[in-house]
>>> print(open('query-v1.txt').read())   # compact mmCIF, C-alpha atoms
# COMPACT_ATOMS: atom_id res chain seq x y z
CA MET R 18 0.00 0.00 0.00
CA ASP R 19 1.42 3.38 -1.00
CA ALA R 20 2.16 5.95 1.66
CA ASP R 21 -0.20 8.89 1.98
CA PRO R 22 1.24 11.55 -0.36
CA ASN R 23 -0.31 14.30 1.77
CA ARG R 24 1.38 13.17 4.96
CA ARG R 25 4.17 15.48 6.00
CA SER R 26 7.55 14.39 7.28
CA VAL R 27 8.88 14.97 10.78
CA ALA R 28 11.09 17.77 9.47
CA GLU R 29 8.12 19.51 7.85
CA TYR R 30 6.03 19.32 11.02
CA LEU R 31 8.92 20.65 13.08
CA GLN R 32 9.62 23.49 10.67
CA ARG R 33 6.05 24.68 11.13
CA ALA R 34 6.24 24.08 14.88
CA GLU R 35 9.35 26.27 15.15
CA MET R 36 7.68 29.06 13.21
CA LEU R 37 4.56 28.96 15.39
CA TYR R 38 6.62 28.75 18.57
CA ASP R 39 8.69 31.78 17.62
CA LEU R 40 5.43 33.66 17.02
CA GLY R 41 4.26 32.78 20.53
CA GLN R 42 1.53 30.40 19.34
CA VAL R 43 2.54 27.66 21.75
CA PRO R 44 -0.61 25.45 21.56
CA ASP R 45 -0.41 25.36 17.76
CA ALA R 46 3.31 24.63 17.91
CA ARG R 47 2.62 21.80 20.33
CA ALA R 48 0.03 20.35 17.95
CA GLU R 49 2.63 20.27 15.18
CA ALA R 50 5.18 18.67 17.50
CA ASP R 51 2.63 16.02 18.50
CA ALA R 52 1.96 15.34 14.83
CA ALA R 53 5.69 14.87 14.28
CA LEU R 54 5.81 12.44 17.21
CA ARG R 55 3.01 10.41 15.69
CA VAL R 56 5.21 9.96 12.63
CA ASP R 57 8.29 9.09 14.71
CA PRO R 58 7.79 8.88 18.51
CA LEU R 59 11.54 8.52 19.09
CA ASP R 60 12.70 11.53 17.08
CA PRO R 61 14.93 13.63 19.39
CA ASP R 62 14.09 16.94 17.72
CA ALA R 63 10.34 16.30 17.96
CA ASN R 64 10.61 15.34 21.62
CA ALA R 65 12.74 18.40 22.33
CA MET R 66 10.18 20.63 20.60
CA ALA R 67 7.38 19.08 22.64
CA ALA R 68 9.45 19.67 25.78
CA ALA R 69 9.93 23.34 24.93
CA CYS R 70 6.18 23.74 24.34
CA ALA R 71 5.36 22.04 27.63
CA LEU R 72 7.78 24.32 29.46
CA ALA R 73 6.24 27.40 27.85
CA ALA R 74 2.81 26.13 28.92
CA HIS R 75 3.93 25.98 32.58
CA ASP R 76 4.20 22.19 32.72
CA PRO R 77 7.81 21.47 33.75
CA ASP R 78 7.01 17.86 34.67
CA GLU R 79 5.89 17.09 31.13
CA ALA R 80 8.82 19.07 29.77
CA LEU R 81 11.18 16.82 31.72
CA THR R 82 9.51 13.73 30.27
CA TYR R 83 9.93 14.85 26.67
CA ALA R 84 13.41 16.23 27.25
CA GLY R 85 14.41 12.90 28.78
CA ALA R 86 13.06 11.06 25.75
CA ALA R 87 15.11 13.27 23.44
CA LEU R 88 18.27 12.85 25.51
CA ALA R 89 17.79 9.08 25.66
CA HIS R 90 18.36 8.93 21.91
CA LYS R 91 20.72 11.90 21.59
CA PRO R 92 22.50 12.54 24.91
CA GLN R 93 23.97 15.88 23.84
CA HIS R 94 20.86 17.34 22.25
CA SER R 95 21.33 21.03 22.97
CA ARG R 96 17.70 22.09 23.09
CA ALA R 97 16.65 19.15 25.23
CA MET R 98 19.48 19.84 27.68
CA ILE R 99 18.54 23.51 27.90
CA THR R 100 14.84 22.80 28.38
CA ARG R 101 15.63 20.19 31.02
CA GLY R 102 17.64 22.77 32.94
CA TYR R 103 14.79 25.28 33.01
CA ALA R 104 12.27 22.58 33.94
CA LEU R 105 14.38 21.35 36.85
CA ALA R 106 14.71 24.91 38.12
CA ASP R 107 10.96 25.47 37.76
CA ILE R 108 10.09 22.48 39.96
CA GLY R 109 12.65 23.40 42.60
CA ARG R 110 15.27 20.71 41.97
CA ARG R 111 18.00 23.29 42.43
CA GLY R 112 21.05 21.04 42.53
CA GLU R 113 20.06 19.13 39.41
CA ALA R 114 19.24 22.38 37.62
CA LEU R 115 22.70 23.76 38.37
CA GLN R 116 24.28 20.54 37.10
CA ALA R 117 22.15 20.68 33.95
CA ALA R 118 23.19 24.29 33.36
CA ALA R 119 26.85 23.34 33.74
CA SER R 120 26.37 20.54 31.20
CA VAL R 121 24.85 23.01 28.74
CA LEU R 122 27.82 25.33 29.15
CA ASP R 123 30.28 22.46 28.73
CA LEU R 124 28.81 21.71 25.30
CA ASP R 125 30.42 24.86 23.92
CA ARG R 126 31.97 27.46 26.19
CA ALA R 127 32.58 29.70 23.19
CA SER R 128 28.83 29.95 22.50
CA TRP R 129 27.16 33.10 23.76
CA GLN R 130 23.79 31.32 23.58
CA HIS R 131 24.98 28.69 26.04
CA HIS R 132 26.26 31.36 28.41
CA VAL R 133 22.86 33.09 28.22
CA HIS R 134 21.02 29.89 29.07
CA TYR R 135 23.49 29.02 31.82
CA ALA R 136 22.92 32.45 33.35
CA LEU R 137 19.14 32.25 33.20
CA ILE R 138 18.89 28.66 34.44
CA THR R 139 21.27 29.19 37.35
CA ARG R 140 19.50 32.39 38.37
CA ARG R 141 16.14 30.64 38.26
CA ALA R 142 17.68 27.94 40.44
CA GLY R 143 18.67 30.55 43.00
CA ALA R 144 22.31 31.25 42.16
CA ALA R 145 23.39 34.89 41.96
CA GLN R 146 27.05 35.52 41.18
CA PRO R 147 27.47 32.59 38.72
CA ALA R 148 24.43 33.82 36.80
CA LEU R 149 25.71 37.38 36.68
CA ASP R 150 29.18 36.25 35.60
CA ALA R 151 27.75 34.11 32.81
CA ALA R 152 25.55 36.96 31.59
CA TRP R 153 28.59 39.23 31.41
CA ASN R 154 30.50 36.49 29.58
CA ALA R 155 27.70 36.32 27.01
CA VAL R 156 27.89 40.08 26.48
CA ASN R 157 31.67 39.94 26.09
CA LEU R 158 31.42 37.07 23.61
CA ALA R 159 28.73 38.73 21.49
CA PRO R 160 28.41 42.45 22.27
CA SER R 161 26.50 43.01 19.02
CA GLN R 162 23.74 40.54 19.95
CA PRO R 163 20.74 42.19 21.65
CA ARG R 164 19.84 38.95 23.44
CA THR R 165 23.03 38.99 25.49
CA HIS R 166 22.21 42.45 26.82
CA LEU R 167 18.61 41.43 27.50
CA ALA R 168 19.78 38.40 29.45
CA LEU R 169 22.11 40.58 31.50
CA ALA R 170 19.23 42.98 32.12
CA ALA R 171 17.02 40.13 33.33
CA ILE R 172 19.69 38.87 35.72
CA ALA R 173 20.39 42.38 36.97
CA GLU R 174 16.69 43.06 37.60
CA SER R 175 16.36 39.86 39.61
CA LEU R 176 19.28 41.03 41.76
CA ASP R 177 17.83 44.54 42.21
CA MET R 178 20.66 46.05 40.17
CA SER R 179 18.34 48.54 38.52
CA GLU R 180 20.99 50.78 36.99
CA LEU R 181 22.76 47.88 35.27
CA ALA R 182 19.42 46.52 34.07
CA LYS R 183 18.49 49.90 32.62
CA ARG R 184 21.81 50.27 30.80
CA SER R 185 21.60 46.74 29.41
CA ARG R 186 18.09 47.21 28.08
CA GLN R 187 19.13 50.46 26.48
CA ALA R 188 22.08 48.71 24.84
CA ALA R 189 19.74 46.07 23.42
CA GLU R 190 17.40 48.75 22.07
CA ASP R 191 20.31 50.61 20.50
CA LEU R 192 21.37 47.46 18.66
CA GLY R 193 17.87 46.99 17.24
CA PRO R 194 16.94 43.80 15.33
CA ASP R 195 19.38 40.91 15.34
CA GLN R 196 21.72 40.14 12.46
CA THR R 197 18.96 38.42 10.48
CA GLY R 198 16.82 41.54 10.59
CA VAL R 199 14.20 39.86 12.76
CA PRO R 200 13.05 41.78 15.87
CA VAL R 201 14.44 40.13 18.98
CA PRO R 202 12.06 38.85 21.67
CA ALA R 203 12.72 39.80 25.28
CA MET R 204 14.10 36.34 26.03
CA PRO R 205 15.36 33.33 24.09
CA ALA R 206 12.58 31.09 22.79
CA GLU R 207 13.15 28.37 25.38
CA VAL R 208 12.52 30.86 28.18
CA SER R 209 9.24 32.16 26.78
CA ARG R 210 6.18 32.00 28.98
CA PRO R 211 2.65 33.10 28.15
CA PRO R 212 1.35 35.75 30.55
CA ARG R 213 0.08 34.33 33.82
CA ARG R 214 -3.58 34.94 34.59
CA PHE R 215 -4.12 35.45 38.29
CA VAL R 216 -7.49 35.09 40.00
CA ASP R 217 -9.00 38.53 40.36
CA ALA R 218 -12.39 39.12 41.97
CA ASP R 219 -12.62 42.70 40.74
CA PRO R 220 -16.30 43.20 39.80
CA ASP R 221 -15.20 45.41 36.90
CA ASP R 222 -13.49 42.42 35.30
CA PRO R 223 -15.99 40.90 32.81
CA ARG R 224 -14.38 37.46 33.32
CA TRP R 225 -14.46 37.43 37.11
CA ARG R 226 -17.09 34.69 37.24
CA ASP R 227 -15.05 32.44 34.96
CA LYS R 228 -11.94 33.03 37.03
CA ILE R 229 -13.66 32.14 40.29
CA TYR R 230 -15.87 29.28 39.14
CA GLY R 231 -13.73 28.05 36.24
CA PRO R 232 -14.83 25.83 33.33
CA GLY R 233 -15.49 23.13 35.92
CA PHE R 234 -16.38 23.61 39.58
CA PHE R 235 -13.11 22.25 40.96
CA ARG R 236 -10.99 24.00 38.33
CA GLY R 237 -12.08 27.35 39.70
CA ALA R 238 -10.79 29.00 42.84
CA LEU R 239 -14.14 28.56 44.61
CA GLY R 240 -14.22 24.79 44.18
CA ARG R 241 -10.70 24.36 45.48
CA SER R 242 -11.51 26.60 48.45
CA VAL R 243 -14.53 24.42 49.26
CA LEU R 244 -12.38 21.29 49.31
CA LEU R 245 -9.82 22.97 51.54
CA GLY R 246 -12.56 24.21 53.88
CA ILE R 247 -14.07 20.73 54.19
CA ALA R 248 -10.66 19.29 55.01
CA VAL R 249 -10.04 21.84 57.75
CA VAL R 250 -13.55 21.64 59.25
CA PHE R 251 -13.41 17.85 59.57
CA ALA R 252 -9.75 17.66 60.58
CA VAL R 253 -10.02 19.94 63.62
CA PRO R 254 -12.57 17.87 65.59
CA ALA R 255 -10.91 14.65 64.45
CA LEU R 256 -7.61 15.80 65.95
CA LEU R 257 -8.80 17.79 68.96
CA GLY R 258 -12.17 16.26 69.82
CA SER R 259 -11.00 14.10 72.71
CA GLU R 260 -14.56 13.84 74.05
CA ILE R 261 -15.90 12.46 70.75
CA ASP R 262 -16.29 8.70 70.50
CA THR R 263 -13.75 6.76 68.48
CA GLY R 264 -16.19 5.86 65.70
CA PRO R 265 -17.30 9.42 64.87
CA ARG R 266 -13.72 10.70 65.18
CA LEU R 267 -12.55 8.05 62.75
CA PHE R 268 -15.29 9.07 60.32
CA LEU R 269 -14.28 12.74 60.61
CA ALA R 270 -10.65 11.82 60.01
CA ILE R 271 -11.50 9.80 56.89
CA VAL R 272 -13.54 12.66 55.43
CA ALA R 273 -10.74 15.14 56.21
CA ILE R 274 -8.10 12.94 54.61
CA ALA R 275 -10.27 12.40 51.53
CA ALA R 276 -10.80 16.16 51.18
CA TRP R 277 -7.06 16.83 51.58
CA VAL R 278 -6.22 14.23 48.93
CA ALA R 279 -8.84 15.65 46.57
CA TRP R 280 -7.59 19.21 47.13
CA PHE R 281 -3.97 18.25 46.52
CA THR R 282 -4.86 16.21 43.42
CA VAL R 283 -6.94 18.98 41.88
CA LEU R 284 -4.34 21.60 42.74
CA ARG R 285 -1.58 19.56 41.11
CA ARG R 286 -3.62 18.73 38.02
CA HIS R 287 -4.74 22.32 37.53
CA ARG R 288 -1.72 24.06 39.01
CA ASN R 289 -1.52 26.75 36.32
CA PRO R 290 -2.58 30.19 37.53
CA GLU R 291 -6.18 30.97 36.69
>>> encode(input="query-v1.txt", output="structure tokens")
Amino acid sequence: MDADPNRRSVAEYLQRAEMLYDLGQVPDARAEADAALRVDPLDPDANAMAAACALAAHDPDEALTYAGAALAHKPQHSRAMITRGYALADIGRRGEALQAAASVLDLDRASWQHHVHYALITRRAGAAQPALDAAWNAVNLAPSQPRTHLALAAIAESLDMSELAKRSRQAAEDLGPDQTGVPVPAMPAEVSRPPRRFVDADPDDPRWRDKIYGPGFFRGALGRSVLLGIAVVFAVPALLGSEIDTGPRLFLAIVAIAAWVAWFTVLRRHRNPE
């Protein structure tokens, strides 16, 4: 049976995914990456692209899974290593994030891009001076690249070095578009994040009901608050009600534990800001 002539190759799916990702259309880029993975589930580039999309969608756990799949078949895959570093920092695995950042830098210490990512990953993992040093190294390696100055500005801002941050941003603006003529985003693509949407009960906000109630009861802030309230209300008498018989106390404890488990499960599954 002949292959479907309309079916695209992995490279074609990924080319479109890269374009969409650079435009900030992360869900569409992820759809293209998933299509590439259906063609070849083991392709390192497709897994790395899926990892980058997951990271941009605030899902570092999934990003780690895809980055690991890419690295399993290509241990020195640059993008997968970089994404893994950011994901580890995002979930608080500081030591592993610092090691991942060092591995990225060891790939090519003459690369300003690797110094930029090392700086941003280590800063996100809590390091200060190593991140600042790496950002300066990136600027020294490529003073004509706006991204190096933007990375230095980001590190400086996180360290409350407002004057350095201001000068660095001005330097990036003075340089204008990068050498390809394409306007430079504020951060490298792997660091991109869509804006977070925080719960806001302002009555002037036309979406305040959606933010509180959510598309499903327990996906909204109100539903999660109800679960937490049930857990607390039943836990207090279960723990402190010494005059309550054993049977009722056991029942209260079971309800409290069930509510805590439900609250934690829902919070983890829908951990993105509203």
>>> axis_aligned_box(input="query-v1.txt", around="range 51-62 of chain R", padding_each_side="8 Å", output="JSON")
{"center_x": 8.4, "center_y": 12.7, "center_z": 16.0, "size_x": 29.0, "size_y": 24.4, "size_z": 22.8}
>>> residues_around(input="query-v1.txt", residues="Arg25 in chain R", least_positions_apart="6", cutoff="12 Å", atoms="only C-alpha atoms", output="PDB file with C-alpha atoms, keeping the file's coordinate frame")
ATOM      1  CA  LEU R  31       8.920  20.650  13.080  1.00  0.00           C
ATOM      2  CA  GLN R  32       9.620  23.490  10.670  1.00  0.00           C
ATOM      3  CA  ARG R  33       6.050  24.680  11.130  1.00  0.00           C
ATOM      4  CA  GLU R  49       2.630  20.270  15.180  1.00  0.00           C
ATOM      5  CA  ALA R  50       5.180  18.670  17.500  1.00  0.00           C
ATOM      6  CA  ALA R  52       1.960  15.340  14.830  1.00  0.00           C
ATOM      7  CA  ALA R  53       5.690  14.870  14.280  1.00  0.00           C
ATOM      8  CA  LEU R  54       5.810  12.440  17.210  1.00  0.00           C
ATOM      9  CA  ARG R  55       3.010  10.410  15.690  1.00  0.00           C
ATOM     10  CA  VAL R  56       5.210   9.960  12.630  1.00  0.00           C
ATOM     11  CA  ASP R  57       8.290   9.090  14.710  1.00  0.00           C
TER      12      ASP R  57
END
>>> closest_residue(input="query-v1.txt", among="R:Ala273, R:Ala127, R:Ala104, R:Ala97", to="Asp60 in chain R", atoms="all atoms listed in the file")
R:Ala97
>>> atom_distance(input="query-v1.txt", atom1="CA of Ala182 in chain R", atom2="CA of Leu169 in chain R")
7.0 Å
>>> closest_residue(input="query-v1.txt", among="R:Leu181, R:Ala255, R:Val243, R:Ala63", to="Leu267 in chain R", atoms="only C-alpha atoms")
R:Ala255
>>> atom_distance(input="query-v1.txt", atom1="CA of Leu176 in chain R", atom2="CA of Asp150 in chain R")
12.6 Å
>>> closest_residue(input="query-v1.txt", among="R:Arg24, R:Arg164, R:His75, R:Arg47", to="Ile108 in chain R", atoms="all atoms listed in the file")
R:His75
>>> atom_distance(input="query-v1.txt", atom1="CA of Gly264 in chain R", atom2="CA of Ala248 in chain R")
18.0 Å
>>> residues_around(input="query-v1.txt", residues="Asp78 in chain R", least_positions_apart="4", cutoff="12 Å", atoms="all atoms listed in the file", output="PDB file with C-alpha atoms, keeping the file's coordinate frame")
ATOM      1  CA  ALA R  68       9.450  19.670  25.780  1.00  0.00           C
ATOM      2  CA  ALA R  69       9.930  23.340  24.930  1.00  0.00           C
ATOM      3  CA  CYS R  70       6.180  23.740  24.340  1.00  0.00           C
ATOM      4  CA  ALA R  71       5.360  22.040  27.630  1.00  0.00           C
ATOM      5  CA  LEU R  72       7.780  24.320  29.460  1.00  0.00           C
ATOM      6  CA  ALA R  73       6.240  27.400  27.850  1.00  0.00           C
ATOM      7  CA  ALA R  74       2.810  26.130  28.920  1.00  0.00           C
ATOM      8  CA  THR R  82       9.510  13.730  30.270  1.00  0.00           C
ATOM      9  CA  TYR R  83       9.930  14.850  26.670  1.00  0.00           C
ATOM     10  CA  ALA R  84      13.410  16.230  27.250  1.00  0.00           C
ATOM     11  CA  GLY R  85      14.410  12.900  28.780  1.00  0.00           C
ATOM     12  CA  THR R 100      14.840  22.800  28.380  1.00  0.00           C
ATOM     13  CA  ARG R 101      15.630  20.190  31.020  1.00  0.00           C
ATOM     14  CA  GLY R 102      17.640  22.770  32.940  1.00  0.00           C
ATOM     15  CA  TYR R 103      14.790  25.280  33.010  1.00  0.00           C
ATOM     16  CA  ALA R 104      12.270  22.580  33.940  1.00  0.00           C
ATOM     17  CA  LEU R 105      14.380  21.350  36.850  1.00  0.00           C
ATOM     18  CA  ALA R 106      14.710  24.910  38.120  1.00  0.00           C
ATOM     19  CA  ASP R 107      10.960  25.470  37.760  1.00  0.00           C
ATOM     20  CA  ILE R 108      10.090  22.480  39.960  1.00  0.00           C
ATOM     21  CA  GLY R 109      12.650  23.400  42.600  1.00  0.00           C
ATOM     22  CA  ARG R 110      15.270  20.710  41.970  1.00  0.00           C
ATOM     23  CA  ARG R 285      -1.580  19.560  41.110  1.00  0.00           C
ATOM     24  CA  ARG R 286      -3.620  18.730  38.020  1.00  0.00           C
ATOM     25  CA  ARG R 288      -1.720  24.060  39.010  1.00  0.00           C
TER      26      ARG R 288
END
>>> residues_near_point(input="query-v1.txt", point="(31.4, 33.7, 30.6)", cutoff="10 Å", atoms="all atoms listed in the file", output="ChimeraX atom specification")
/R:122,126-129,131-133,135-136,147-158
>>> write_last_selection(input="query-v1.txt", atoms="C-alpha atoms", output="mmCIF file, in the coordinates of the input")
data_model
loop_
_atom_site.group_PDB
_atom_site.id
_atom_site.type_symbol
_atom_site.label_atom_id
_atom_site.label_comp_id
_atom_site.auth_asym_id
_atom_site.auth_seq_id
_atom_site.Cartn_x
_atom_site.Cartn_y
_atom_site.Cartn_z
ATOM 1 C CA LEU R 122 27.820 25.330 29.150
ATOM 2 C CA ARG R 126 31.970 27.460 26.190
ATOM 3 C CA ALA R 127 32.580 29.700 23.190
ATOM 4 C CA SER R 128 28.830 29.950 22.500
ATOM 5 C CA TRP R 129 27.160 33.100 23.760
ATOM 6 C CA HIS R 131 24.980 28.690 26.040
ATOM 7 C CA HIS R 132 26.260 31.360 28.410
ATOM 8 C CA VAL R 133 22.860 33.090 28.220
ATOM 9 C CA TYR R 135 23.490 29.020 31.820
ATOM 10 C CA ALA R 136 22.920 32.450 33.350
ATOM 11 C CA PRO R 147 27.470 32.590 38.720
ATOM 12 C CA ALA R 148 24.430 33.820 36.800
ATOM 13 C CA LEU R 149 25.710 37.380 36.680
ATOM 14 C CA ASP R 150 29.180 36.250 35.600
ATOM 15 C CA ALA R 151 27.750 34.110 32.810
ATOM 16 C CA ALA R 152 25.550 36.960 31.590
ATOM 17 C CA TRP R 153 28.590 39.230 31.410
ATOM 18 C CA ASN R 154 30.500 36.490 29.580
ATOM 19 C CA ALA R 155 27.700 36.320 27.010
ATOM 20 C CA VAL R 156 27.890 40.080 26.480
ATOM 21 C CA ASN R 157 31.670 39.940 26.090
ATOM 22 C CA LEU R 158 31.420 37.070 23.610
#
